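Chemist: This structure is in structure tokens; I'll ask about it shortly.
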Amino acid sequence: MYIYGKEVSKTTREELARHVAEFGSRYGRVPCLAVVLVGEDPASQTYVRNKILGCEEVGIRSISRVYEDGTPQETIAQELRALAADDAVDGILVQLPLPKGYDERYLLSLIPDSKDVDGFSPNNLGLLCMDKPRTVSCTPFGVMKLLESTGVSLAGKHAVVVGRSNTVGKPMAMLLLSADCTVTVCHSKTPDLSAFTRQADILVVAAGRPKMVRADMVKPGAIVIDVGINRVDGKLCGDVDPDVESVASYLTPVPGGVGPMTISMLLYNTYRAAVARENA
């Protein structure tokens, strides 16, 4: 059975739109998200466009700042400092990846923790590790919502995460630990990957390798979340072979699975950041 992120996202955004409307009535303004895009990467342009459309859908105001590749880094840094100081801006997002030559860590460090709606800052990641999350990385947050939609209790389940990035793998493991799973994290240096994936009651794959997980690598009845998105021969595919659907109890499709939830949780984080700032 497929878990369609579009369906879960629709419900999430409908609820969020009501909260945003209530926020506007109470505070006389609406939450605001600023998006900074550097370069002309088509995928990044598409992601930014979808985020802006998502803002419009739920009633969040958006600001976009677009810079050509080759723009001096300090120019972008000045923009981020201005957005950080702007009381009308609740969340700031720098679309990643940045073109070569830019210091990603430096630029992201200019975003205050309170406006870090991607949940990438060291402090926000640290709070997640301490089980006191303030802002949770959007993709892992969305995955948890998809798992919740199945109605299956996570407590006591063995969860295997394939991938150890700071943006997905590591925060994903922390969230699953907080949900009382027993968690194993695998990566490119893990020997005999299938020996671990076949043990998983919940398998989250975020490795960036097309169709790397096959049906014979999955425990019958497992819940499989495919975070990967790859383009092969002009077509999109995930890190999980679609044949896994014949073995798993639940599988997220690519596209239409995790992707819509990532944007929905970004919108939710922006709303929550606005609420926190109003109540600070």
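Going by the structure tokens order, chains are called A, B, ..., each with residues numbered from 1, while ligands are numbered from 1 in the order shown.
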Skip Ala159 (chain A) itself and residues of its chain fewer than 2 positions away, then list as a ChimeraX atom specification all residues within 6 Å of it, counting only C-alpha atoms.

Modeler: /A:182-183,200-203

Chemist: Give me a file of those residues, with N, CA and C atoms, as a CSV table (one decimal), in the first residue's frame.

Modeler:
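Written out: selection27.csv:
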```csv
chain,number,residue,atom,x,y,z
A,182,THR,N,13.9,1.4,18.4
A,182,THR,CA,15.3,1.0,18.4
A,182,THR,C,15.9,1.3,17.0
A,183,VAL,N,16.9,2.2,17.0
A,183,VAL,CA,17.3,2.7,15.8
A,183,VAL,C,18.7,2.3,15.4
A,200,ALA,N,14.5,-4.4,9.5
A,200,ALA,CA,13.8,-3.2,9.8
A,200,ALA,C,12.3,-3.4,9.8
A,201,ASP,N,11.6,-3.0,10.9
A,201,ASP,CA,10.2,-2.8,10.8
A,201,ASP,C,9.8,-1.5,10.1
A,202,ILE,N,10.7,-0.5,10.3
A,202,ILE,CA,10.5,0.8,9.6
A,202,ILE,C,11.9,1.0,8.9
A,203,LEU,N,11.8,1.3,7.6
A,203,LEU,CA,13.0,1.5,6.9
A,203,LEU,C,12.9,2.8,6.2
```

Chemist: When you look at Leu53 (chain A) with a cut-off of 12 Å (counting only C-alpha atoms), what residues show up, excluding the ones that are within fewer than 4 positions of it in the same chain? I need them as a PyMOL selection string.

Modeler: chain A and resi 13+33+46-49+57-64+260+263-264+267

Chemist: Those selected residues, please, written with N, CA and C atoms and delivered as a tab-separated table (two decimals), in the first residue's frame.

Modeler:
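Written output follows (again.tsv):
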```tsv
chain	number	residue	atom	x	y	z
A	13	ARG	N	-2.08	21.14	5.31
A	13	ARG	CA	-2.16	22.54	4.87
A	13	ARG	C	-3.53	23.15	5.16
A	33	LEU	N	7.80	34.34	5.36
A	33	LEU	CA	8.96	33.52	5.02
A	33	LEU	C	9.77	34.21	3.94
A	46	THR	N	12.63	25.33	-9.17
A	46	THR	CA	11.34	24.66	-9.02
A	46	THR	C	10.96	24.55	-7.55
A	47	TYR	N	11.93	24.16	-6.71
A	47	TYR	CA	11.67	24.03	-5.27
A	47	TYR	C	11.23	25.37	-4.68
A	48	VAL	N	11.91	26.45	-5.06
A	48	VAL	CA	11.56	27.77	-4.54
A	48	VAL	C	10.16	28.17	-5.00
A	49	ARG	N	9.87	27.92	-6.26
A	49	ARG	CA	8.54	28.25	-6.77
A	49	ARG	C	7.45	27.50	-6.00
A	57	GLU	N	-0.92	29.35	-0.62
A	57	GLU	CA	-2.02	28.43	-0.33
A	57	GLU	C	-2.51	28.53	1.11
A	58	VAL	N	-1.59	28.70	2.05
A	58	VAL	CA	-2.00	28.70	3.47
A	58	VAL	C	-2.08	30.11	4.05
A	59	GLY	N	-1.76	31.14	3.26
A	59	GLY	CA	-1.91	32.51	3.74
A	59	GLY	C	-0.66	33.11	4.35
A	60	ILE	N	0.50	32.48	4.14
A	60	ILE	CA	1.76	33.02	4.63
A	60	ILE	C	2.35	33.98	3.59
A	61	ARG	N	2.86	35.11	4.05
A	61	ARG	CA	3.50	36.05	3.13
A	61	ARG	C	4.91	35.56	2.81
A	62	SER	N	5.32	35.69	1.56
A	62	SER	CA	6.65	35.25	1.17
A	62	SER	C	7.43	36.40	0.54
A	63	ILE	N	8.73	36.37	0.76
A	63	ILE	CA	9.67	37.30	0.15
A	63	ILE	C	10.72	36.46	-0.54
A	64	SER	N	11.03	36.75	-1.78
A	64	SER	CA	12.09	36.01	-2.48
A	64	SER	C	13.20	36.96	-2.89
A	260	PRO	N	6.02	16.40	-0.98
A	260	PRO	CA	4.99	17.37	-0.57
A	260	PRO	C	5.01	17.67	0.92
A	263	ILE	N	7.68	20.47	2.11
A	263	ILE	CA	7.24	21.86	1.98
A	263	ILE	C	6.18	22.19	3.03
A	264	SER	N	5.27	21.26	3.28
A	264	SER	CA	4.22	21.51	4.28
A	264	SER	C	4.82	21.76	5.66
A	267	LEU	N	6.28	25.21	5.92
A	267	LEU	CA	5.23	26.20	6.19
A	267	LEU	C	4.82	26.16	7.66
```

Chemist: Could you jot down the CA of Val36 (chain A) to CA of Lys100 (chain A) separation for me, Å, one decimal place?

Modeler: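 Pair CA of Val36 (chain A) / CA of Lys100 (chain A) returns 16.0 Å.
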
Chemist: Taking the backbone alone, and naming residues the way the document does, which bits of region 27-163 of chain A are strand (DSSP E) by DSSP, as a list in words?

Modeler: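 DSSP on the backbone gives strand (DSSP E) at Cys32, Leu33, Ala34, Val35, Val36, Leu37, Val38, Arg61, Ser62, Ile63, Ser64, Arg65, Val66, Tyr67, Gly91, Ile92, Leu93, Val94, His158, Ala159, Val160, Val161 and Val162 of chain A.
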
Chemist: Extract, using only C-alpha atoms, all DNA, RNA and protein residues at most 7 Å from Val213 (chain A), discarding same-chain residues fewer than 5 positions from it, and format them as a list in words.

Modeler: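 Non-adjacent residues within range: Asp239, Val240 and Asp241 of chain A.
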
Chemist: Counting only C-alpha atoms, which residue out of A:Val258, A:Leu147, A:Val205, A:Leu128 sits closest to Val160 (chain A)?

Modeler: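 Using only C-alpha atoms, Val160 (chain A) sits closest to A:Val205.
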
Chemist: I'd like the neighbourhood of region 87-89 of chain A as a list in words, where a residue qualifies if any of its atoms comes within 8 Å (using only C-alpha atoms), though same-chain residues fewer than 5 positions away should be ignored.

Modeler: Pro31, Cys32, Leu33 and Ala34 of chain A

Chemist: Write out, as a PDB file, in the first residue's frame, the residues just selected, with C-alpha atoms.

Modeler:
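Contents of selection.pdb, as written:
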```pdb
ATOM      1  CA  PRO A  31       3.673  34.986   9.213  1.00  0.00           C
ATOM      2  CA  CYS A  32       6.389  35.789   6.679  1.00  0.00           C
ATOM      3  CA  LEU A  33       8.956  33.518   5.024  1.00  0.00           C
ATOM      4  CA  ALA A  34      11.983  34.896   3.179  1.00  0.00           C
TER       5      ALA A  34
END
```

Chemist: To one decimal in Å, tell me the separation between CA of Val218 (chain A) and CA of Thr197 (chain A).

Modeler: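 Distance reported for this atom pair: 5.9 Å.
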
Chemist: Can you check which residues of region 59-137 of chain A DSSP gives as helix (DSSP H, G or I) on the backbone and send them as a VMD selection string?

Modeler: chain A and resid 73 to 85 104 to 109 113 to 115 122 to 129

Chemist: Grab the residues selected above and save them as a short mmCIF file (atom, residue, chain, number, x, y, z; two decimals), in the first residue's frame with N, CA, C and O atoms.

Modeler:
```
data_model
loop_
_atom_site.label_atom_id
_atom_site.label_comp_id
_atom_site.auth_asym_id
_atom_site.auth_seq_id
_atom_site.Cartn_x
_atom_site.Cartn_y
_atom_site.Cartn_z
N GLN A 73 29.85 36.90 -2.34
CA GLN A 73 29.26 36.26 -1.16
C GLN A 73 28.84 37.28 -0.11
O GLN A 73 27.81 37.11 0.54
N GLU A 74 29.60 38.35 0.03
CA GLU A 74 29.29 39.34 1.06
C GLU A 74 27.98 40.07 0.75
O GLU A 74 27.28 40.52 1.66
N THR A 75 27.63 40.17 -0.54
CA THR A 75 26.35 40.77 -0.90
C THR A 75 25.20 39.92 -0.36
O THR A 75 24.20 40.43 0.18
N ILE A 76 25.32 38.62 -0.51
CA ILE A 76 24.30 37.70 0.00
C ILE A 76 24.30 37.72 1.53
O ILE A 76 23.24 37.70 2.17
N ALA A 77 25.49 37.81 2.11
CA ALA A 77 25.59 37.87 3.57
C ALA A 77 24.89 39.12 4.11
O ALA A 77 24.18 39.06 5.13
N GLN A 78 25.06 40.25 3.43
CA GLN A 78 24.39 41.48 3.85
C GLN A 78 22.87 41.33 3.77
O GLN A 78 22.14 41.81 4.65
N GLU A 79 22.40 40.65 2.74
CA GLU A 79 20.96 40.42 2.61
C GLU A 79 20.44 39.57 3.78
O GLU A 79 19.39 39.87 4.37
N LEU A 80 21.19 38.53 4.13
CA LEU A 80 20.78 37.67 5.23
C LEU A 80 20.78 38.42 6.55
O LEU A 80 19.89 38.23 7.39
N ARG A 81 21.76 39.29 6.75
CA ARG A 81 21.78 40.10 7.97
C ARG A 81 20.58 41.04 8.04
O ARG A 81 19.98 41.24 9.11
N ALA A 82 20.21 41.60 6.89
CA ALA A 82 19.05 42.50 6.85
C ALA A 82 17.76 41.74 7.15
O ALA A 82 16.90 42.23 7.91
N LEU A 83 17.62 40.55 6.59
CA LEU A 83 16.43 39.74 6.86
C LEU A 83 16.39 39.30 8.32
O LEU A 83 15.32 39.24 8.93
N ALA A 84 17.56 39.00 8.86
CA ALA A 84 17.63 38.59 10.27
C ALA A 84 17.16 39.71 11.19
O ALA A 84 16.54 39.46 12.23
N ALA A 85 17.44 40.95 10.80
CA ALA A 85 17.09 42.11 11.64
C ALA A 85 15.67 42.61 11.38
O ALA A 85 15.18 43.46 12.13
N GLU A 104 28.69 27.60 2.42
CA GLU A 104 27.34 27.29 2.91
C GLU A 104 27.24 27.45 4.42
O GLU A 104 26.29 28.06 4.94
N ARG A 105 28.22 26.93 5.15
CA ARG A 105 28.17 26.99 6.62
C ARG A 105 28.16 28.43 7.11
O ARG A 105 27.41 28.78 8.03
N TYR A 106 28.99 29.26 6.48
CA TYR A 106 29.06 30.67 6.88
C TYR A 106 27.73 31.38 6.64
O TYR A 106 27.20 32.06 7.53
N LEU A 107 27.17 31.21 5.45
CA LEU A 107 25.92 31.91 5.13
C LEU A 107 24.77 31.43 6.02
O LEU A 107 23.97 32.24 6.50
N LEU A 108 24.69 30.14 6.26
CA LEU A 108 23.61 29.63 7.12
C LEU A 108 23.77 30.12 8.55
O LEU A 108 22.78 30.28 9.27
N SER A 109 25.03 30.36 8.97
CA SER A 109 25.26 30.82 10.34
C SER A 109 24.70 32.22 10.58
O SER A 109 24.54 32.64 11.74
N ASP A 113 18.74 31.48 15.12
CA ASP A 113 18.09 30.20 15.44
C ASP A 113 16.57 30.33 15.41
O ASP A 113 15.87 29.42 14.97
N SER A 114 16.06 31.47 15.84
CA SER A 114 14.61 31.66 15.90
C SER A 114 13.97 31.76 14.52
O SER A 114 12.76 31.57 14.38
N LYS A 115 14.79 32.08 13.50
CA LYS A 115 14.27 32.19 12.13
C LYS A 115 14.74 31.06 11.24
O LYS A 115 14.48 31.06 10.03
N PRO A 122 23.19 24.58 14.36
CA PRO A 122 23.72 23.71 15.41
C PRO A 122 22.86 23.69 16.67
O PRO A 122 22.67 22.63 17.29
N ASN A 123 22.32 24.85 17.05
CA ASN A 123 21.50 24.90 18.26
C ASN A 123 20.19 24.15 18.08
O ASN A 123 19.75 23.43 19.00
N ASN A 124 19.57 24.30 16.93
CA ASN A 124 18.30 23.59 16.71
C ASN A 124 18.52 22.08 16.60
O ASN A 124 17.72 21.29 17.10
N LEU A 125 19.61 21.67 15.95
CA LEU A 125 19.93 20.24 15.90
C LEU A 125 20.28 19.72 17.29
O LEU A 125 19.91 18.59 17.66
N GLY A 126 20.98 20.54 18.07
CA GLY A 126 21.33 20.13 19.42
C GLY A 126 20.12 19.96 20.31
O GLY A 126 20.03 19.00 21.10
N LEU A 127 19.15 20.86 20.21
CA LEU A 127 17.92 20.75 21.00
C LEU A 127 17.15 19.49 20.62
O LEU A 127 16.55 18.84 21.48
N LEU A 128 17.19 19.13 19.33
CA LEU A 128 16.53 17.90 18.91
C LEU A 128 17.20 16.69 19.56
O LEU A 128 16.53 15.77 20.04
N CYS A 129 18.53 16.69 19.60
CA CYS A 129 19.25 15.59 20.23
C CYS A 129 18.96 15.50 21.72
O CYS A 129 19.00 14.41 22.31
#
```

Chemist: In Å, with one decimal, what is the gap from CA of Ala280 (chain A) to CA of Asp90 (chain A)?

Modeler: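 Those two atoms sit 12.6 Å apart.
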
Chemist: Would you mind telling me which residue in A:Lys211, A:Lys219, A:Arg134, A:Lys189 lies nearest to Ala276 (chain A) when using only C-alpha atoms?

Modeler: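 With only C-alpha atoms as the atom set, the closest residue is A:Arg134.
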
Chemist: Which of these, A:Ser44, A:Ser165, A:Thr150, A:Ser178, has the shortest distance to Ala222 (chain A) once you count only C-alpha atoms?

Modeler: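 Among the listed residues, the smallest separation from Ala222 (chain A) belongs to A:Thr150.
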
Chemist: Skipping near chain neighbours, those fewer than 4 positions away, what residues fall within 8 Å of Met144 (chain A) using only C-alpha atoms, listed as a CSV table (one decimal) with C-alpha atoms, in the first residue's frame?

Modeler:
```csv
chain,number,residue,atom,x,y,z
A,140,PRO,CA,12.4,14.2,8.8
A,148,GLU,CA,1.7,8.8,11.9
A,175,LEU,CA,13.0,11.6,15.9
```

Chemist: Calculated over only C-alpha atoms, which of the candidates A:His158, A:Val232, A:Ile225, A:Lys170 has the smallest distance to Gln199 (chain A)?

Modeler: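 Once distances to Gln199 (chain A) are computed over only C-alpha atoms, the minimum belongs to A:His158.
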